[in-house]
Structure formats: structure tokens, C-alpha cells
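File shown here: coords.pdb, holding PDB, C-alpha atoms.
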```
ATOM      1  CA  MET N 233    -106.322  69.244-228.225
ATOM      2  CA  ASP N 234    -106.575  65.479-228.397
ATOM      3  CA  TYR N 235    -107.028  65.807-232.158
ATOM      4  CA  LEU N 236    -103.730  67.665-232.491
ATOM      5  CA  ILE N 237    -101.953  65.083-230.358
ATOM      6  CA  TYR N 238    -103.277  62.201-232.444
ATOM      7  CA  THR N 239    -102.418  64.057-235.627
ATOM      8  CA  CYS N 240     -98.816  64.628-234.459
ATOM      9  CA  LEU N 241     -98.505  61.005-233.414
ATOM     10  CA  GLY N 242     -99.844  59.899-236.796
ATOM     11  CA  LEU N 243     -97.383  62.118-238.633
ATOM     12  CA  ALA N 244     -94.561  60.805-236.477
ATOM     13  CA  VAL N 245     -95.581  57.224-237.202
ATOM     14  CA  LEU N 246     -95.742  58.004-240.939
ATOM     15  CA  ALA N 247     -92.313  59.612-240.805
ATOM     16  CA  VAL N 248     -90.880  56.578-239.027
ATOM     17  CA  MET N 249     -92.501  54.236-241.519
ATOM     18  CA  ALA N 250     -91.199  56.324-244.462
ATOM     19  CA  GLY N 251     -87.709  56.191-242.967
ATOM     20  CA  LEU N 252     -87.949  52.458-242.497
ATOM     21  CA  TRP N 253     -89.156  52.049-246.073
ATOM     22  CA  GLU N 254     -86.295  54.107-247.413
ATOM     23  CA  ARG N 255     -83.781  52.148-245.324
ATOM     24  CA  THR N 256     -85.327  48.914-246.542
ATOM     25  CA  ASN N 257     -84.887  50.080-250.150
ATOM     26  CA  LEU N 258     -81.262  51.035-249.446
ATOM     27  CA  VAL N 259     -80.616  47.648-247.861
ATOM     28  CA  ARG N 260     -82.173  45.895-250.837
ATOM     29  CA  GLN N 261     -80.119  47.981-253.271
ATOM     30  CA  SER N 262     -76.985  47.248-251.252
ATOM     31  CA  GLU N 263     -77.788  43.546-251.274
ATOM     32  CA  ARG N 264     -78.257  43.629-255.075
ATOM     33  CA  ARG N 265     -74.959  45.469-255.482
ATOM     34  CA  ILE N 266     -73.202  42.985-253.199
ATOM     35  CA  ARG N 267     -74.636  40.070-255.169
ATOM     36  CA  GLN N 268     -73.588  41.725-258.444
ATOM     37  CA  LEU N 269     -70.091  42.374-257.109
ATOM     38  CA  ALA N 270     -69.872  38.776-255.927
ATOM     39  CA  GLU N 271     -70.949  37.540-259.361
ATOM     40  CA  ASP N 272     -68.477  39.873-261.086
ATOM     41  CA  LEU N 273     -65.720  38.731-258.750
ATOM     42  CA  SER N 274     -66.582  35.112-259.405
ATOM     43  CA  GLU N 275     -66.492  35.692-263.184
ATOM     44  CA  ARG N 276     -63.194  37.533-262.862
ATOM     45  CA  ARG N 277     -61.719  34.680-260.833
ATOM     46  CA  LYS N 278     -62.925  32.223-263.455
ATOM     47  CA  ALA N 279     -61.375  34.338-266.209
ATOM     48  CA  GLU N 280     -58.094  34.623-264.305
ATOM     49  CA  GLU N 281     -58.040  30.884-263.683
ATOM     50  CA  SER N 282     -58.760  30.211-267.345
ATOM     51  CA  LEU N 283     -55.977  32.617-268.351
ATOM     52  CA  ARG N 284     -53.588  30.990-265.897
ATOM     53  CA  LEU N 285     -54.358  27.550-267.305
ATOM     54  CA  ARG N 286     -53.879  28.809-270.851
ATOM     55  CA  ASN N 287     -50.554  30.404-269.915
ATOM     56  CA  GLU N 288     -49.407  27.170-268.316
ATOM     57  CA  GLN N 289     -50.439  25.205-271.400
ATOM     58  CA  LEU N 290     -48.671  27.716-273.665
ATOM     59  CA  LEU N 291     -45.539  27.597-271.525
ATOM     60  CA  THR N 292     -45.594  23.812-271.639
ATOM     61  CA  ARG N 293     -45.925  23.879-275.425
ATOM     62  CA  VAL N 294     -43.088  26.405-275.720
ATOM     63  CA  GLU N 295     -40.856  24.258-273.521
ATOM     64  CA  GLN N 296     -41.724  21.183-275.578
ATOM     65  CA  GLN N 297     -40.976  23.040-278.816
ATOM     66  CA  ALA N 298     -37.698  24.325-277.376
ATOM     67  CA  LEU N 299     -36.686  20.773-276.482
ATOM     68  CA  LEU N 300     -37.616  19.574-279.973
ATOM     69  CA  ILE N 301     -35.661  22.419-281.587
ATOM     70  CA  ALA N 302     -32.638  21.737-279.381
ATOM     71  CA  GLU N 303     -32.774  18.051-280.270
ATOM     72  CA  ALA N 304     -33.120  18.879-283.973
ATOM     73  CA  ASN N 305     -30.133  21.224-283.736
ATOM     74  CA  ARG N 306     -28.049  18.524-282.098
ATOM     75  CA  GLU N 307     -29.037  16.040-284.785
ATOM     76  CA  LEU N 308     -28.283  18.599-287.493
ATOM     77  CA  GLU N 309     -24.864  19.334-286.033
ATOM     78  CA  SER N 310     -24.046  15.642-285.627
ATOM     79  CA  PHE N 311     -25.109  15.142-289.250
ATOM     80  CA  PHE N 312     -23.012  17.986-290.679
ATOM     81  CA  HIS N 313     -19.774  17.030-288.933
ATOM     82  CA  PRO N 314     -19.315  13.640-290.640
ATOM     83  CA  ILE N 315     -20.734  14.921-293.929
ATOM     84  CA  SER N 316     -18.313  17.856-293.991
ATOM     85  CA  HIS N 317     -15.430  15.543-293.108
ATOM     86  CA  ASP N 318     -16.414  13.090-295.860
ATOM     87  CA  LEU N 319     -16.679  15.904-298.408
ATOM     88  CA  ARG N 320     -13.421  17.632-297.519
ATOM     89  CA  ALA N 321     -11.245  14.618-298.381
ATOM     90  CA  PRO N 322     -12.449  14.147-301.988
ATOM     91  CA  LEU N 323     -12.464  17.895-302.583
ATOM     92  CA  ARG N 324      -8.856  18.158-301.460
ATOM     93  CA  ALA N 325      -8.047  15.174-303.669
ATOM     94  CA  ILE N 326      -9.702  16.745-306.714
ATOM     95  CA  GLY N 327      -7.874  20.016-306.235
ATOM     96  CA  GLY N 328      -4.579  18.286-305.464
ATOM     97  CA  PHE N 329      -4.705  15.933-308.444
ATOM     98  CA  ALA N 330      -5.607  18.782-310.790
ATOM     99  CA  GLU N 331      -2.659  20.813-309.492
ATOM    100  CA  ILE N 332      -0.280  17.809-309.893
ATOM    101  CA  LEU N 333      -1.451  17.118-313.439
ATOM    102  CA  ARG N 334      -1.025  20.751-314.429
ATOM    103  CA  ASP N 335       2.416  21.007-312.833
ATOM    104  CA  GLU N 336       3.675  17.802-314.463
ATOM    105  CA  HIS N 337       1.936  18.052-317.811
ATOM    106  CA  GLY N 338       1.206  21.758-318.053
ATOM    107  CA  HIS N 339       3.616  22.193-320.945
ATOM    108  CA  LYS N 340       1.526  19.740-322.954
ATOM    109  CA  LEU N 341      -1.778  21.501-322.315
ATOM    110  CA  ASP N 342      -3.264  23.957-324.768
ATOM    111  CA  PRO N 343      -4.726  27.207-323.338
ATOM    112  CA  GLU N 344      -8.253  25.796-323.228
ATOM    113  CA  MET N 345      -7.163  22.727-321.227
ATOM    114  CA  ALA N 346      -5.152  24.920-318.861
ATOM    115  CA  ARG N 347      -8.235  27.080-318.323
ATOM    116  CA  LEU N 348     -10.310  23.997-317.532
ATOM    117  CA  PHE N 349      -7.768  22.840-314.942
ATOM    118  CA  ASP N 350      -7.910  26.299-313.362
ATOM    119  CA  ARG N 351     -11.677  25.999-313.150
ATOM    120  CA  ILE N 352     -11.425  22.543-311.558
ATOM    121  CA  GLU N 353      -9.105  23.880-308.839
ATOM    122  CA  SER N 354     -11.124  27.033-308.182
ATOM    123  CA  SER N 355     -14.404  25.069-308.071
ATOM    124  CA  ALA N 356     -12.922  22.583-305.591
ATOM    125  CA  ARG N 357     -11.714  25.443-303.373
ATOM    126  CA  ARG N 358     -15.067  27.221-303.574
ATOM    127  CA  LEU N 359     -17.023  24.060-302.763
ATOM    128  CA  GLY N 360     -14.685  23.355-299.842
ATOM    129  CA  GLN N 361     -15.320  26.852-298.522
ATOM    130  CA  ARG N 362     -19.058  26.286-298.839
ATOM    131  CA  VAL N 363     -18.796  23.106-296.804
ATOM    132  CA  ASP N 364     -16.861  24.978-294.108
ATOM    133  CA  ASP N 365     -19.390  27.851-294.090
ATOM    134  CA  LEU N 366     -22.313  25.443-293.910
ATOM    135  CA  LEU N 367     -20.734  23.665-290.954
ATOM    136  CA  THR N 368     -20.086  27.007-289.224
ATOM    137  CA  PHE N 369     -23.698  28.081-289.769
ATOM    138  CA  ALA N 370     -25.076  24.763-288.520
ATOM    139  CA  THR N 371     -22.922  24.677-285.373
ATOM    140  CA  LEU N 372     -24.030  28.191-284.371
ATOM    141  CA  ASN N 373     -27.360  26.713-283.233
ATOM    142  CA  GLY N 374     -25.666  24.409-280.742
ATOM    143  CA  HIS N 375     -23.036  26.907-279.609
ATOM    144  CA  THR N 376     -23.553  27.779-275.949
ATOM    145  CA  LEU N 377     -23.395  31.544-275.540
ATOM    146  CA  SER N 378     -20.921  32.869-272.985
ATOM    147  CA  PRO N 379     -22.168  36.427-272.418
ATOM    148  CA  ALA N 380     -19.732  38.919-270.936
ATOM    149  CA  PRO N 381     -19.090  42.678-271.110
ATOM    150  CA  VAL N 382     -17.536  43.463-274.494
ATOM    151  CA  ASP N 383     -15.484  46.539-275.407
ATOM    152  CA  MET N 384     -16.943  46.893-278.902
ATOM    153  CA  ASP N 385     -14.667  49.817-279.770
ATOM    154  CA  SER N 386     -11.503  47.851-279.050
ATOM    155  CA  LEU N 387     -12.926  44.728-280.714
ATOM    156  CA  ALA N 388     -13.871  46.523-283.938
ATOM    157  CA  ARG N 389     -10.505  48.300-284.169
ATOM    158  CA  SER N 390      -8.683  45.005-283.659
ATOM    159  CA  VAL N 391     -10.649  43.398-286.499
ATOM    160  CA  VAL N 392      -9.966  46.385-288.771
ATOM    161  CA  ARG N 393      -6.212  46.141-288.140
ATOM    162  CA  GLU N 394      -6.200  42.434-288.957
ATOM    163  CA  LEU N 395      -8.279  42.738-292.125
ATOM    164  CA  THR N 396      -6.582  45.822-293.592
ATOM    165  CA  VAL N 397      -3.241  44.020-293.377
ATOM    166  CA  GLU N 398      -4.650  41.001-295.220
ATOM    167  CA  SER N 399      -6.933  42.873-297.625
ATOM    168  CA  ALA N 400      -5.989  43.871-301.144
ATOM    169  CA  VAL N 401      -7.678  47.219-300.436
ATOM    170  CA  GLY N 402      -4.650  48.509-298.585
ATOM    171  CA  SER N 403      -5.472  52.117-299.431
ATOM    172  CA  ALA N 404      -8.933  51.974-297.865
ATOM    173  CA  ARG N 405      -9.583  54.727-295.342
ATOM    174  CA  VAL N 406     -11.358  53.194-292.352
ATOM    175  CA  ASN N 407     -12.809  55.544-289.754
ATOM    176  CA  VAL N 408     -13.946  54.001-286.466
ATOM    177  CA  VAL N 409     -16.090  56.322-284.344
ATOM    178  CA  HIS N 410     -16.139  55.443-280.639
ATOM    179  CA  LEU N 411     -18.511  52.524-280.122
ATOM    180  CA  PRO N 412     -20.628  51.921-277.003
ATOM    181  CA  ALA N 413     -19.872  48.803-274.965
ATOM    182  CA  ALA N 414     -22.140  45.761-275.194
ATOM    183  CA  ALA N 415     -22.888  42.433-273.558
ATOM    184  CA  GLY N 416     -22.525  39.247-275.556
ATOM    185  CA  ASP N 417     -20.345  36.345-276.563
ATOM    186  CA  PRO N 418     -16.970  37.959-277.448
ATOM    187  CA  SER N 419     -15.895  35.303-279.958
ATOM    188  CA  LEU N 420     -19.199  35.422-281.851
ATOM    189  CA  LEU N 421     -19.280  39.228-281.885
ATOM    190  CA  ARG N 422     -15.743  39.210-283.294
ATOM    191  CA  GLN N 423     -17.089  37.013-286.101
ATOM    192  CA  VAL N 424     -19.823  39.596-286.749
ATOM    193  CA  TRP N 425     -17.302  42.429-287.105
ATOM    194  CA  THR N 426     -15.004  40.255-289.212
ATOM    195  CA  ASN N 427     -17.761  39.412-291.686
ATOM    196  CA  LEU N 428     -19.169  42.952-291.942
ATOM    197  CA  VAL N 429     -15.829  44.760-292.213
ATOM    198  CA  GLY N 430     -14.512  42.066-294.565
ATOM    199  CA  ASN N 431     -17.520  42.579-296.836
ATOM    200  CA  ALA N 432     -17.055  46.350-296.799
ATOM    201  CA  LEU N 433     -13.402  45.969-297.830
ATOM    202  CA  LYS N 434     -14.201  43.369-300.492
ATOM    203  CA  PHE N 435     -17.014  45.278-302.176
ATOM    204  CA  SER N 436     -15.018  48.538-302.161
ATOM    205  CA  GLN N 437     -12.167  47.158-304.267
ATOM    206  CA  GLY N 438     -13.271  48.842-307.479
ATOM    207  CA  VAL N 439     -13.581  52.312-305.915
ATOM    208  CA  ALA N 440     -10.813  54.861-306.534
ATOM    209  CA  GLN N 441     -10.753  55.897-302.873
ATOM    210  CA  PRO N 442     -12.466  53.287-300.657
ATOM    211  CA  GLU N 443     -13.933  54.781-297.504
ATOM    212  CA  ILE N 444     -15.414  52.759-294.658
ATOM    213  CA  GLU N 445     -17.072  54.209-291.572
ATOM    214  CA  ILE N 446     -17.809  52.190-288.448
ATOM    215  CA  GLY N 447     -19.958  53.692-285.723
ATOM    216  CA  GLY N 448     -22.623  53.122-283.128
ATOM    217  CA  ARG N 449     -24.888  54.792-280.623
ATOM    218  CA  ARG N 450     -26.627  53.867-277.411
ATOM    219  CA  LEU N 451     -30.433  54.003-277.532
ATOM    220  CA  PRO N 452     -33.101  53.191-274.919
ATOM    221  CA  GLY N 453     -32.995  49.423-274.443
ATOM    222  CA  GLU N 454     -30.389  48.671-277.108
ATOM    223  CA  SER N 455     -27.163  49.761-278.772
ATOM    224  CA  VAL N 456     -26.988  50.056-282.563
ATOM    225  CA  TYR N 457     -23.800  49.574-284.614
ATOM    226  CA  PHE N 458     -23.137  50.023-288.331
ATOM    227  CA  VAL N 459     -20.522  49.495-291.058
ATOM    228  CA  ARG N 460     -20.872  51.895-294.013
ATOM    229  CA  ASP N 461     -18.890  51.763-297.276
ATOM    230  CA  ASN N 462     -18.847  53.562-300.613
ATOM    231  CA  GLY N 463     -18.506  50.381-302.669
ATOM    232  CA  VAL N 464     -20.688  48.778-305.302
ATOM    233  CA  GLY N 465     -23.822  48.802-303.120
ATOM    234  CA  PHE N 466     -26.925  46.800-304.020
ATOM    235  CA  ASP N 467     -30.499  47.137-305.214
ATOM    236  CA  MET N 468     -32.854  47.471-302.236
ATOM    237  CA  LYS N 469     -35.435  45.430-304.156
ATOM    238  CA  GLN N 470     -33.143  42.430-303.633
ATOM    239  CA  SER N 471     -32.302  43.204-300.001
ATOM    240  CA  GLY N 472     -34.365  40.227-298.808
ATOM    241  CA  ARG N 473     -31.776  37.866-300.280
ATOM    242  CA  LEU N 474     -28.826  39.427-298.464
ATOM    243  CA  PHE N 475     -29.116  37.400-295.273
ATOM    244  CA  GLN N 476     -30.107  34.106-296.901
ATOM    245  CA  LEU N 477     -27.537  31.336-296.871
ATOM    246  CA  PHE N 478     -25.452  31.118-300.069
ATOM    247  CA  GLN N 479     -27.392  33.930-301.769
ATOM    248  CA  ARG N 480     -25.199  36.390-303.684
ATOM    249  CA  LEU N 481     -26.192  39.667-305.345
ATOM    250  CA  HIS N 482     -22.857  39.964-307.149
ATOM    251  CA  GLY N 483     -20.964  37.483-309.287
ATOM    252  CA  THR N 484     -18.060  35.379-308.049
ATOM    253  CA  GLU N 485     -15.657  36.686-310.682
ATOM    254  CA  PRO N 486     -15.053  40.184-309.291
ATOM    255  CA  PHE N 487     -15.858  39.263-305.659
ATOM    256  CA  GLU N 488     -14.894  35.960-304.103
ATOM    257  CA  GLY N 489     -16.968  34.306-301.405
ATOM    258  CA  THR N 490     -19.783  31.843-300.888
ATOM    259  CA  GLY N 491     -22.601  34.119-299.717
ATOM    260  CA  ALA N 492     -22.686  32.728-296.180
ATOM    261  CA  GLY N 493     -21.108  35.617-294.265
ATOM    262  CA  LEU N 494     -24.236  37.730-293.791
ATOM    263  CA  ALA N 495     -26.366  34.685-292.939
ATOM    264  CA  ILE N 496     -23.871  33.885-290.172
ATOM    265  CA  VAL N 497     -24.036  37.493-288.955
ATOM    266  CA  GLN N 498     -27.823  37.353-288.763
ATOM    267  CA  ARG N 499     -27.746  34.003-286.954
ATOM    268  CA  ILE N 500     -25.331  35.363-284.318
ATOM    269  CA  ILE N 501     -27.220  38.617-283.767
ATOM    270  CA  HIS N 502     -30.566  36.836-283.497
ATOM    271  CA  ARG N 503     -29.105  34.482-280.909
ATOM    272  CA  HIS N 504     -28.160  37.586-278.894
ATOM    273  CA  GLY N 505     -31.742  38.869-279.080
ATOM    274  CA  GLY N 506     -30.827  41.638-281.525
ATOM    275  CA  ARG N 507     -31.733  42.754-285.044
ATOM    276  CA  VAL N 508     -29.774  43.153-288.278
ATOM    277  CA  TRP N 509     -30.670  45.107-291.428
ATOM    278  CA  ALA N 510     -29.099  46.719-294.495
ATOM    279  CA  GLU N 511     -29.529  49.815-296.656
ATOM    280  CA  GLY N 512     -27.859  50.610-299.934
ATOM    281  CA  ARG N 513     -28.016  51.846-303.505
ATOM    282  CA  ARG N 514     -26.358  50.287-306.498
ATOM    283  CA  GLY N 515     -23.086  52.050-307.227
ATOM    284  CA  GLU N 516     -23.329  54.237-304.112
ATOM    285  CA  GLY N 517     -22.316  51.920-301.277
ATOM    286  CA  SER N 518     -24.182  50.233-298.463
ATOM    287  CA  THR N 519     -24.714  50.315-294.712
ATOM    288  CA  PHE N 520     -25.109  47.191-292.592
ATOM    289  CA  SER N 521     -26.466  47.710-289.091
ATOM    290  CA  PHE N 522     -27.178  45.514-286.099
ATOM    291  CA  SER N 523     -28.482  46.029-282.574
ATOM    292  CA  LEU N 524     -27.793  44.371-279.239
ATOM    293  CA  PRO N 525     -30.055  44.627-276.176
ATOM    294  CA  HIS N 526     -28.695  46.220-273.011
ATOM    295  CA  GLU N 527     -30.264  43.716-270.624
ATOM    296  CA  ALA N 528     -28.029  40.714-270.052
ATOM    297  CA  GLY N 529     -31.160  38.651-269.487
ATOM    298  CA  LEU N 530     -32.036  39.026-273.158
ATOM    299  CA  ILE N 531     -28.833  37.382-274.268
ATOM    300  CA  GLY N 532     -29.799  34.188-275.989
ATOM    301  CA  ALA N 533     -33.450  35.209-276.356
ATOM    302  CA  GLU N 534     -33.625  34.329-280.019
ATOM    303  CA  VAL N 535     -35.729  36.468-282.326
ATOM    304  CA  GLU N 536     -36.886  34.852-285.523
TER
END
```

Please lay out the structure from this file as C-alpha cells.
Amino acid sequence: MDYLIYTCLGLAVLAVMAGLWERTNLVRQSERRIRQLAEDLSERRKAEESLRLRNEQLLTRVEQQALLIAEANRELESFFHPISHDLRAPLRAIGGFAEILRDEHGHKLDPEMARLFDRIESSARRLGQRVDDLLTFATLNGHTLSPAPVDMDSLARSVVRELTVESAVGSARVNVVHLPAAAGDPSLLRQVWTNLVGNALKFSQGVAQPEIEIGGRRLPGESVYFVRDNGVGFDMKQSGRLFQLFQRLHGTEPFEGTGAGLAIVQRIIHRHGGRVWAEGRRGEGSTFSFSLPHEAGLIGAEVE
């Protein structure tokens, strides 16, 4: 009887000791896990702090670069204003003197001399236009955007009415599909439509029945607009030159201009945080498209 009692007590003691051992192991495992979690948390905090410091340094660098760019733009604009003024006067003088000489002594000039005087006048006009376009392009950097809701449909139709009255392509059929509204600087967006529609009219002059379509659609996050024509088009292999300043894919004889219009369009759209691109085929027309973000906060977020 005593043996059974001692045996039961021994088993009970062993059971208690086994339980204590197991609990001790659990406590030790918990302590190791807690230490590991603490180490992981410490590493994570260090990583977050390092990332925060890097972000602050990057933001500081971006702000410094923005200040430098703004200062460079101001210097560029202040440089172009006097230069353009100094160039305009002699250019006007060259063109004016050539016109006076031809008017007063034209009867004495042989055909070759008359042709040379014509070239002097046309070159002076073209160079003057280049100076004006260069000044316009340069001042776009310093232009403070005044974003506001813009009725793009009304704006595009207004530009079409103005240009079709002035254009030699009076028979051009221009179809404006209803355009979604946008947010942006109204005066600069008018310049975009003027340049794109003007190009479509100009490069459709040699077509028997010029047709121009203007449309747009609202997409998630942005609205896309386009101007499509059935004019001379262009080779897509040379599309990279389209938006470069003073780059022309067609000669000046059939189509006047300096090659600055599309560069100005790109500059304006980029300043609005949008994109601009072109598609076309030689002899089959072209389509110029641009996008504008919906969020007003993106206005002025320049994309290069």
C-alpha cells in the first residue's frame, strides 16, 4: 500500500517537473522570439530612418535644382529680350531698304537682280519670325501658369473659325467632335490649338479635298485630344525631329514657317504635366495628339 502511494507521488512529481520543463522551454522560445522581434523592429526603424534621411536629401536636391533651373530660365529670358530687340531693328532695316531699292530702281533691275532682292526680303522676314518664335519659346519657361477650367470644345471651334478665315485652304472641311473639358492655362491652350490646327491647314494645301478632324476622349486620369488631317504627312522614321526647335521635315518653298510651332506645343503641354505625340505616313496625312491630366494639382508638374 505504501509502495503504491510512493509510486503515485513519484509519478505526480515527475508530471509536475515535466510540465515545468515544458513551460520553461516555451518561456525560452518566447523570449527568443521577443528578442528576434525586437531586433527586427530595430532594423526596420533603422531602415525607415535611413529612407527618411535619403528622401529629405533627395527633396533638398530637387528643390536646389528647381531653384537653379528657375534662375537659369530667368537669365535666359532676360538674355533673349534684349537680343531679340537688337536683332529686330537691323532685320527690319534690311527688309525695308531692299523694298525701297526695288520700288525706286526696280525698272533698272534685270530678272536675276529682282530675284535676289526678293530673296533678301523673304530671308529678312523669315529670320525675324525665327527671332519672335525663339523669344516665345524661351519665355514659356518663365510664364506663370494660371490654371482654370477650360471649355476645350468652344476653344477649339473658336480657333478653327479664326484660322479658316485667314487660311488659303478655304475649302477645307473641318469636323470638330465634341471635346471633353480640361483644366489649364486658357491662353497657352489656345496657342496649342492654334499651332496644331494651323499646321493641319498648312500641310493640307496640296490636297484636292482637305479634311481635318478634331476630337478627344476622357480616359482614367487624363483627357486625350487630337488633330488629324489628310495632308502630306511625314515619315515616322523622322518623327523624333518633329518637336525639336527649328527642325522641319518639309521645305520652306511649298510650306512657310520656321519649325518652332510644334516645339512650342510640346513645351506648353509638358508644363501642364501632359504628353504630346504624332503619327503619320508620307502622302497619307498625320495625327497630332496631346493629353492633359484631370487633377488640377498636376498642372505645372513638368514632364521631361

Within-9 Å shell of (-27.9, 50.7, -282.9) in input frame, only C-alpha atoms, as an MDAnalysis selection string
chainID N and resid 447:451 454:458 521:524

Translate the PyMOL selection byres ((chain N and resi 433) around 12), as applied to the file shown, into an explicit residue set as number ranges by chain.
N: 391-392, 394-406, 425-432, 434-439, 441-445, 459-464, 487-488, 517-518

For the selection you just gave me, I'd like the residues written to a file as a PDB file, in the coordinates of the input, keeping C-alpha atoms.
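This went into result.pdb:
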```
ATOM      1  CA  VAL N 391     -10.649  43.398-286.499  1.00  0.00           C
ATOM      2  CA  VAL N 392      -9.966  46.385-288.771  1.00  0.00           C
ATOM      3  CA  GLU N 394      -6.200  42.434-288.957  1.00  0.00           C
ATOM      4  CA  LEU N 395      -8.279  42.738-292.125  1.00  0.00           C
ATOM      5  CA  THR N 396      -6.582  45.822-293.592  1.00  0.00           C
ATOM      6  CA  VAL N 397      -3.241  44.020-293.377  1.00  0.00           C
ATOM      7  CA  GLU N 398      -4.650  41.001-295.220  1.00  0.00           C
ATOM      8  CA  SER N 399      -6.933  42.873-297.625  1.00  0.00           C
ATOM      9  CA  ALA N 400      -5.989  43.871-301.144  1.00  0.00           C
ATOM     10  CA  VAL N 401      -7.678  47.219-300.436  1.00  0.00           C
ATOM     11  CA  GLY N 402      -4.650  48.509-298.585  1.00  0.00           C
ATOM     12  CA  SER N 403      -5.472  52.117-299.431  1.00  0.00           C
ATOM     13  CA  ALA N 404      -8.933  51.974-297.865  1.00  0.00           C
ATOM     14  CA  ARG N 405      -9.583  54.727-295.342  1.00  0.00           C
ATOM     15  CA  VAL N 406     -11.358  53.194-292.352  1.00  0.00           C
ATOM     16  CA  TRP N 425     -17.302  42.429-287.105  1.00  0.00           C
ATOM     17  CA  THR N 426     -15.004  40.255-289.212  1.00  0.00           C
ATOM     18  CA  ASN N 427     -17.761  39.412-291.686  1.00  0.00           C
ATOM     19  CA  LEU N 428     -19.169  42.952-291.942  1.00  0.00           C
ATOM     20  CA  VAL N 429     -15.829  44.760-292.213  1.00  0.00           C
ATOM     21  CA  GLY N 430     -14.512  42.066-294.565  1.00  0.00           C
ATOM     22  CA  ASN N 431     -17.520  42.579-296.836  1.00  0.00           C
ATOM     23  CA  ALA N 432     -17.055  46.350-296.799  1.00  0.00           C
ATOM     24  CA  LYS N 434     -14.201  43.369-300.492  1.00  0.00           C
ATOM     25  CA  PHE N 435     -17.014  45.278-302.176  1.00  0.00           C
ATOM     26  CA  SER N 436     -15.018  48.538-302.161  1.00  0.00           C
ATOM     27  CA  GLN N 437     -12.167  47.158-304.267  1.00  0.00           C
ATOM     28  CA  GLY N 438     -13.271  48.842-307.479  1.00  0.00           C
ATOM     29  CA  VAL N 439     -13.581  52.312-305.915  1.00  0.00           C
ATOM     30  CA  GLN N 441     -10.753  55.897-302.873  1.00  0.00           C
ATOM     31  CA  PRO N 442     -12.466  53.287-300.657  1.00  0.00           C
ATOM     32  CA  GLU N 443     -13.933  54.781-297.504  1.00  0.00           C
ATOM     33  CA  ILE N 444     -15.414  52.759-294.658  1.00  0.00           C
ATOM     34  CA  GLU N 445     -17.072  54.209-291.572  1.00  0.00           C
ATOM     35  CA  VAL N 459     -20.522  49.495-291.058  1.00  0.00           C
ATOM     36  CA  ARG N 460     -20.872  51.895-294.013  1.00  0.00           C
ATOM     37  CA  ASP N 461     -18.890  51.763-297.276  1.00  0.00           C
ATOM     38  CA  ASN N 462     -18.847  53.562-300.613  1.00  0.00           C
ATOM     39  CA  GLY N 463     -18.506  50.381-302.669  1.00  0.00           C
ATOM     40  CA  VAL N 464     -20.688  48.778-305.302  1.00  0.00           C
ATOM     41  CA  PHE N 487     -15.858  39.263-305.659  1.00  0.00           C
ATOM     42  CA  GLU N 488     -14.894  35.960-304.103  1.00  0.00           C
ATOM     43  CA  GLY N 517     -22.316  51.920-301.277  1.00  0.00           C
ATOM     44  CA  SER N 518     -24.182  50.233-298.463  1.00  0.00           C
TER      45      SER N 518
END
```

Expected selection from the PyMOL selection byres ((chain N and resi 410) around 10), given as a list of chain:residue names:
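With the shown file as input, the PyMOL selection byres ((chain N and resi 410) around 10) matches N:Met384, N:Asp385, N:Ser386, N:Ala388, N:Arg389, N:Asn407, N:Val408, N:Val409, N:Leu411, N:Pro412, N:Ala413, N:Ile446, N:Gly447, N:Gly448, N:Arg449.
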
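One distance worth recording is that between CA of Gln498 in chain N and CA of Gly416 in chain N, which is 14.4 Å.
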
In Å, with one decimal, what is the gap from CA of Gly327 in chain N to CA of Val497 in chain N?
29.4 Å

At a cut-off of 7 Å, using all atoms listed in the file, what residues contact Ala414 in chain N? Leave out same-chain residues fewer than 4 positions from it and give the result as a tab-separated table (two decimals) with C-alpha atoms, in the frame of the given file.
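Final output, saved to result11.tsv:
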```
chain	number	residue	atom	x	y	z
N	381	PRO	CA	-19.09	42.68	-271.11
N	382	VAL	CA	-17.54	43.46	-274.49
N	383	ASP	CA	-15.48	46.54	-275.41
N	384	MET	CA	-16.94	46.89	-278.90
N	526	HIS	CA	-28.70	46.22	-273.01
```

Might you spell out which residues the PyMOL selection byres ((chain N and resi 510) around 6) would select in the displayed file, as a PyMOL selection string?
chain N and resi 509+511+519-520

Separation of CA of Glu331 in chain N from CA of Pro343 in chain N, in Å and rounded to one decimal:
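Separation between CA of Glu331 in chain N and CA of Pro343 in chain N: 15.4 Å.
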
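Counting all atoms listed in the file and comparing N:Leu290, N:Leu474, N:Ile500, N:Leu377, the residue that lies closest to Gln423 in chain N is N:Ile500.
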